[in-house]
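Student: This is the structure I have questions about; it appears just below.
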Amino acid sequence: MIAWKIGGEQGEGIDSTGDVLSTVLTRMGYFVYGYKHFSSRIKGGHTTYKVRIADKRVEAATEKSDILVALNQDTINLYGGELMHGLLLADSAFDPVVPDGVNARLIALPLTKIAKSHGSVVMRNMVSVGASAALLNLPTKPFLDYIASKFSAKGGEIVRANQEALLDGYNRVRSEYAGVSSLKLNSPVPGDRLVLTGNDALALGAIAGGCRIMCGYPITPATDIMEALAKWFPQVGGVVVQMEDELGSISACIGAGYAGARAMTATSGPGFSLMQEGIGLASMAEIPVVIVDTQRAGPSTGMPTKQEQSDLLAMINGGHGEGPRVVIAPSSLEETFEDGWQAFNIADTLQTPVLIATDLSLSLWSQTIDRAKLDGPRVEIQRGTLVTEDELRAMASDAPYYRYRVTDEGISPRTLPGTARGQHLATGVEHQPSGKVSEDPANRTHMMEKRMAKLKQVHAMREGVKWEGPLDADLVLLAVGSTVGAIREAGDLLQEDGYRIAVSWLRTLSPFPADDFERLFAQAKKILVVEQNATGQVALLMRTAGVYDEARCYSLLKYDGVQFFPSEIVNKARPLLEAFAEVSG
């Protein structure tokens, strides 16, 4: 496995360089995991793009680099320490200096000068890709074919200029630094694969689930969902509406859900805070709606482009009063796709808001995935209990249609607007089964119990907890969201040391899957809860559910805005395992 990284000023084509490398490597048969560090601004500020390259699935970041492409001295100063006997490819235009303590071989090439010779400094990204391909001992043909395909609409001259810039960077390394690279990737593994982000996968899942309207307001890191749907919706008759703000977004989605459309919105922490009153309305009026919260570092504006998982309690308990809502959490591209369609089935069946808890790393970072993993079983659209006109006509005159009729399972048959004999009141005020306003204490009790009873069905509809490894593991690594990729890799490293490791992750956050949790974790010796927030919100959920065993459970928290590295988890886990071995040995 090799880690390649490029750094420079935001707006200099850093992203496109990483995207080209990731796409071509995937087409060649490699797996990639690409992630960025960028400032919360449109242009300016330092930015990097790192790509991990392997012959197997990669789902986590790493703090080490094998190749660092530096377009300015800041990149070397900030990230040179990541290189361990690695290669530092730097633009000679800024007279690169390797600081003391940086253990790397400097390869200085006139990247800017070469780019200008091919027509524009913008070509520097292609020169950098070519030079990197040479250092990775990769053939040029896949890159040239990609350029021909990508730029074909811009004409042959643009295609040739980009191809020549790439070849120039490639040949300069081969001629001036022949034999300098000892890096060699394993043989590629052929397959039909895609490079996707979690936002892409979620948008595709929503389309598969019958979503046809998305109302939202731009916010990092959720905006890509709206943009993806705006691109793909025309093919299926869907529509994206950019609203004036998040209050308008949730309100429009509730209206669409009431009318029978499958509607969603997507936002991040600040926007989600504004939606809380609307979510309460959907709970009270029993209207299906899907809300995505792509978590980022808060509070307030916080760090819009940095990773965190600190909205979990807000998603579960936010807003005033108590009303039913379901909170689900994907941890991979395939789970994000699955939750993208399943959320609508749950929302329609239970007539309640369903929240999808993603995070910045899962939402924005690109990964290689086998196309078949997004096929899965045929998606079945489940609309829940809808009353037809024939059923309404058959009702006796003394048994009128009550929209909020109390039932054992808490789900009342609903009608869609325009259904003859199915008219009813839909209000955010407490109401009788008919929908008429009521503050009667007995009625209030019945209505509250009816609404909350719906949540009992969630665990029969989807998994609550996932588990990989032995049930009697020495240590279980438990996480949620994108952190699952890091605990998986950490688990593999610990198993290489001879420890019995299991990894587990929560798929349903609310209602909490306490029964499944107790069953799966009963034999585990120790449990390490790994999460990206300062207050241990997953651990708090466990405590509230009565499944946090103080004698076995430990927390590992990170809240600096940087996603977990597997090595950090290994460093926390090893002392726990060693201590356990001493006690039991």
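Labeling convention for the structure tokens: chains A, B, ... as they appear, residues from 1 per chain, ligands from 1 in order of appearance.
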If we count only C-alpha atoms, what is near Thr483 in chain A at a cut-off of 12 Å, once residues fewer than 5 positions away on the same chain are taken out, given as a PyMOL selection string?
Tutor: chain A and resi 59-61+307-309+329-332+358-362+477-478+488-490+503-506+529-533+556-558+562-566+568-569
Student: So that I can see what lies close to range 517-528 of chain A, please list as a list of chain:residue names the residues with an atom at most 7 Å from it, counting only C-alpha atoms and leaving out residues fewer than 4 positions away in the same chain.
Tutor: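 So, after excluding close chain neighbours, the residues are A:Val465, A:Leu471, A:Asp472, A:Ala473, A:Asp474, A:Leu475, A:Val476, A:Leu477, A:Leu478, A:Pro513, A:Val547, A:Arg552, A:Cys553, A:Tyr554, A:Ser555, A:Leu556.
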Student: For N, CA and C atoms, I'd like the residues from the last selection saved as a PDB file, in the first residue's frame.
Tutor:
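Just written: selection.pdb:
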ATOM      1  N   VAL A 465     -27.046  -3.365  15.008  1.00  0.00           N
ATOM      2  CA  VAL A 465     -25.613  -3.442  15.273  1.00  0.00           C
ATOM      3  C   VAL A 465     -24.986  -4.413  14.278  1.00  0.00           C
ATOM      4  N   LEU A 471     -17.052 -13.653  18.842  1.00  0.00           N
ATOM      5  CA  LEU A 471     -17.915 -13.089  19.881  1.00  0.00           C
ATOM      6  C   LEU A 471     -17.202 -12.986  21.220  1.00  0.00           C
ATOM      7  N   ASP A 472     -16.206 -13.857  21.443  1.00  0.00           N
ATOM      8  CA  ASP A 472     -15.459 -13.823  22.714  1.00  0.00           C
ATOM      9  C   ASP A 472     -14.112 -13.118  22.533  1.00  0.00           C
ATOM     10  N   ALA A 473     -14.116 -12.060  21.757  1.00  0.00           N
ATOM     11  CA  ALA A 473     -12.883 -11.340  21.442  1.00  0.00           C
ATOM     12  C   ALA A 473     -12.219 -10.769  22.693  1.00  0.00           C
ATOM     13  N   ASP A 474     -10.889 -10.664  22.645  1.00  0.00           N
ATOM     14  CA  ASP A 474     -10.165  -9.995  23.721  1.00  0.00           C
ATOM     15  C   ASP A 474     -10.557  -8.515  23.785  1.00  0.00           C
ATOM     16  N   LEU A 475     -10.803  -7.941  22.615  1.00  0.00           N
ATOM     17  CA  LEU A 475     -11.176  -6.530  22.539  1.00  0.00           C
ATOM     18  C   LEU A 475     -12.105  -6.312  21.348  1.00  0.00           C
ATOM     19  N   VAL A 476     -13.163  -5.552  21.603  1.00  0.00           N
ATOM     20  CA  VAL A 476     -14.063  -5.129  20.533  1.00  0.00           C
ATOM     21  C   VAL A 476     -13.849  -3.644  20.292  1.00  0.00           C
ATOM     22  N   LEU A 477     -13.608  -3.291  19.048  1.00  0.00           N
ATOM     23  CA  LEU A 477     -13.514  -1.883  18.654  1.00  0.00           C
ATOM     24  C   LEU A 477     -14.885  -1.473  18.126  1.00  0.00           C
ATOM     25  N   LEU A 478     -15.500  -0.497  18.788  1.00  0.00           N
ATOM     26  CA  LEU A 478     -16.859  -0.064  18.454  1.00  0.00           C
ATOM     27  C   LEU A 478     -16.827   1.372  17.945  1.00  0.00           C
ATOM     28  N   PRO A 513     -30.459  -0.016  19.761  1.00  0.00           N
ATOM     29  CA  PRO A 513     -30.660  -1.477  19.681  1.00  0.00           C
ATOM     30  C   PRO A 513     -30.097  -2.206  20.887  1.00  0.00           C
ATOM     31  N   VAL A 547     -26.260  -0.439  28.732  1.00  0.00           N
ATOM     32  CA  VAL A 547     -25.377  -1.471  28.194  1.00  0.00           C
ATOM     33  C   VAL A 547     -23.901  -1.073  28.287  1.00  0.00           C
ATOM     34  N   ARG A 552     -15.720  -3.062  31.661  1.00  0.00           N
ATOM     35  CA  ARG A 552     -15.193  -3.528  30.369  1.00  0.00           C
ATOM     36  C   ARG A 552     -15.007  -2.426  29.336  1.00  0.00           C
ATOM     37  N   CYS A 553     -15.668  -1.303  29.500  1.00  0.00           N
ATOM     38  CA  CYS A 553     -15.736  -0.288  28.445  1.00  0.00           C
ATOM     39  C   CYS A 553     -14.737   0.847  28.645  1.00  0.00           C
ATOM     40  N   TYR A 554     -14.156   1.278  27.548  1.00  0.00           N
ATOM     41  CA  TYR A 554     -13.210   2.388  27.535  1.00  0.00           C
ATOM     42  C   TYR A 554     -13.552   3.287  26.351  1.00  0.00           C
ATOM     43  N   SER A 555     -13.162   4.557  26.446  1.00  0.00           N
ATOM     44  CA  SER A 555     -13.448   5.509  25.375  1.00  0.00           C
ATOM     45  C   SER A 555     -12.169   6.049  24.769  1.00  0.00           C
ATOM     46  N   LEU A 556     -12.194   6.246  23.461  1.00  0.00           N
ATOM     47  CA  LEU A 556     -11.133   6.934  22.748  1.00  0.00           C
ATOM     48  C   LEU A 556     -11.802   8.051  21.951  1.00  0.00           C
TER      49      LEU A 556
END
Student: Would you kindly return, as a PyMOL selection string, each protein, DNA or RNA residue with an atom no farther than 6 Å from any atom of Met214 in chain A, considering only C-alpha atoms and excluding same-chain residues fewer than 5 positions away?
Tutor: chain A and resi 240+263-265
Student: List every residue of range 250-328 of chain A that has an atom at most 12 Å from any atom of range 377-401 of chain A, giving for each one its closest atom pair and the distance in Å to one decimal, counting only C-alpha atoms, sorted by chain and then by ascending residue number, as a tab-separated table.
Tutor:
residue	atom	partner	partner_atom	distance
A:Gly257	CA	A:Arg383	CA	11.5
A:Gly260	CA	A:Arg383	CA	9.3
A:Ala261	CA	A:Arg383	CA	10.4
A:Arg262	CA	A:Arg383	CA	9.6
A:Ile287	CA	A:Gly384	CA	11.9
A:Pro288	CA	A:Arg383	CA	10.0
Student: Please identify the helix (DSSP H, G or I) residues within range 29-235 of chain A (assignment by DSSP from backbone atoms) and present them as a PyMOL selection string.
Tutor: chain A and resi 73-82+92-94+111-117+121-135+141-150+152-154+156-176+198-208+223-235
Student: What are the closest atom pairs, with distances in Å to one decimal, for each residue of range 336-423 of chain A lying within 10 Å of range 6-24 of chain A, using only C-alpha atoms, rows by chain and rising residue number, as a Markdown table?
Tutor:
| residue | atom | partner | partner_atom | distance |
| --- | --- | --- | --- | --- |
| A:Ser366 | CA | A:Ser22 | CA | 8.4 |
| A:Gln367 | CA | A:Ser22 | CA | 8.5 |
| A:Thr368 | CA | A:Ser22 | CA | 8.5 |
Student: Based on the selection just made, write C-alpha atoms of those residues as a compact mmCIF listing (two decimals), in the first residue's frame.
Tutor:
# COMPACT_ATOMS: atom_id res chain seq x y z
CA SER A 366 -13.65 9.31 -2.52
CA GLN A 367 -13.26 5.55 -2.45
CA THR A 368 -13.09 2.68 -4.89
Student: Kindly give the distance, in Å, that separates CA of Val354 in chain A and CA of Ile291 in chain A, rounded to a single decimal.
Tutor: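 Distance reported for this atom pair: 6.3 Å.
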Student: Excluding Phe344 in chain A and any residue of its chain fewer than 2 positions from it, enumerate the residues within 10 Å of it, using only C-alpha atoms, and give them as JSON, numbers by chain.
Tutor: {"A": [205, 206, 209, 210, 211, 262, 263, 264, 288, 289, 290, 339, 340, 341, 342, 346, 347, 348, 349, 350, 351, 352, 353, 354, 381, 382, 383]}
Student: Of the candidates A:Leu136, A:Leu83, A:Leu25, A:Ala420, which one gets nearest to Arg193 in chain A if we count only C-alpha atoms?
Tutor: A:Leu25
Student: Give the answer as one residue: which of A:Asp370, A:Asp91, A:Asp100, A:Asp245 has the shortest atom-to-atom distance to Pro190 in chain A, using only C-alpha atoms?
Tutor: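 Counting only C-alpha atoms, the residue closest to Pro190 in chain A is A:Asp370.
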Student: So, counting only C-alpha atoms, which residue among A:Ile279, A:Val292, A:Leu183, A:Ala297 is closest to His320 in chain A?
Tutor: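 Going through A:Ile279, A:Val292, A:Leu183, A:Ala297 one by one, the smallest distance to His320 in chain A is for A:Ile279.
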Student: Residues of range 14-221 of chain A in strand (DSSP E) according to DSSP, as a VMD selection string?
Tutor: chain A and resid 31 to 37 46 to 54 65 to 70 83 to 91 103 to 109 193 to 196 213 to 216
Student: Tell me which protein, DNA and RNA residues are within 8 Å of Ile328 in chain A, counting only C-alpha atoms, leaving out same-chain ones fewer than 2 positions away, and put them as a PyMOL selection string.
Tutor: chain A and resi 326+330+339+354-357+507-510
Student: With N, CA and C atoms retained, write the just-selected residues as a short mmCIF file (atom, residue, chain, number, x, y, z; two decimals), in the first residue's frame.
Tutor:
data_model
loop_
_atom_site.label_atom_id
_atom_site.label_comp_id
_atom_site.auth_asym_id
_atom_site.auth_seq_id
_atom_site.Cartn_x
_atom_site.Cartn_y
_atom_site.Cartn_z
N VAL A 326 -36.52 8.52 13.82
CA VAL A 326 -35.59 7.40 13.67
C VAL A 326 -34.27 7.98 13.19
N PRO A 330 -25.01 5.19 8.40
CA PRO A 330 -24.17 4.37 7.52
C PRO A 330 -22.70 4.55 7.86
N ASP A 339 -28.95 2.94 3.03
CA ASP A 339 -29.74 3.83 3.89
C ASP A 339 -30.44 4.91 3.07
N VAL A 354 -37.17 10.48 9.41
CA VAL A 354 -36.02 9.59 9.50
C VAL A 354 -34.77 10.41 9.20
N LEU A 355 -33.81 10.36 10.11
CA LEU A 355 -32.58 11.13 9.99
C LEU A 355 -31.44 10.20 9.65
N ILE A 356 -30.65 10.58 8.66
CA ILE A 356 -29.46 9.82 8.27
C ILE A 356 -28.24 10.57 8.78
N ALA A 357 -27.50 9.94 9.68
CA ALA A 357 -26.33 10.57 10.29
C ALA A 357 -25.07 10.16 9.54
N ARG A 507 -25.66 0.65 13.46
CA ARG A 507 -26.38 1.00 12.24
C ARG A 507 -27.62 1.83 12.55
N THR A 508 -28.19 1.59 13.72
CA THR A 508 -29.36 2.35 14.17
C THR A 508 -29.01 3.01 15.49
N LEU A 509 -29.11 4.32 15.53
CA LEU A 509 -28.78 5.06 16.75
C LEU A 509 -30.00 5.28 17.63
N SER A 510 -31.14 5.49 16.99
CA SER A 510 -32.37 5.70 17.74
C SER A 510 -33.55 5.16 16.96
#
Student: Rank A:Lys116, A:Lys150, A:Lys306, A:Arg105 by their smallest atom-to-atom distance to Val180 in chain A, using only C-alpha atoms, and report the top residue only.
Tutor: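 Counting only C-alpha atoms, the residue closest to Val180 in chain A is A:Arg105.
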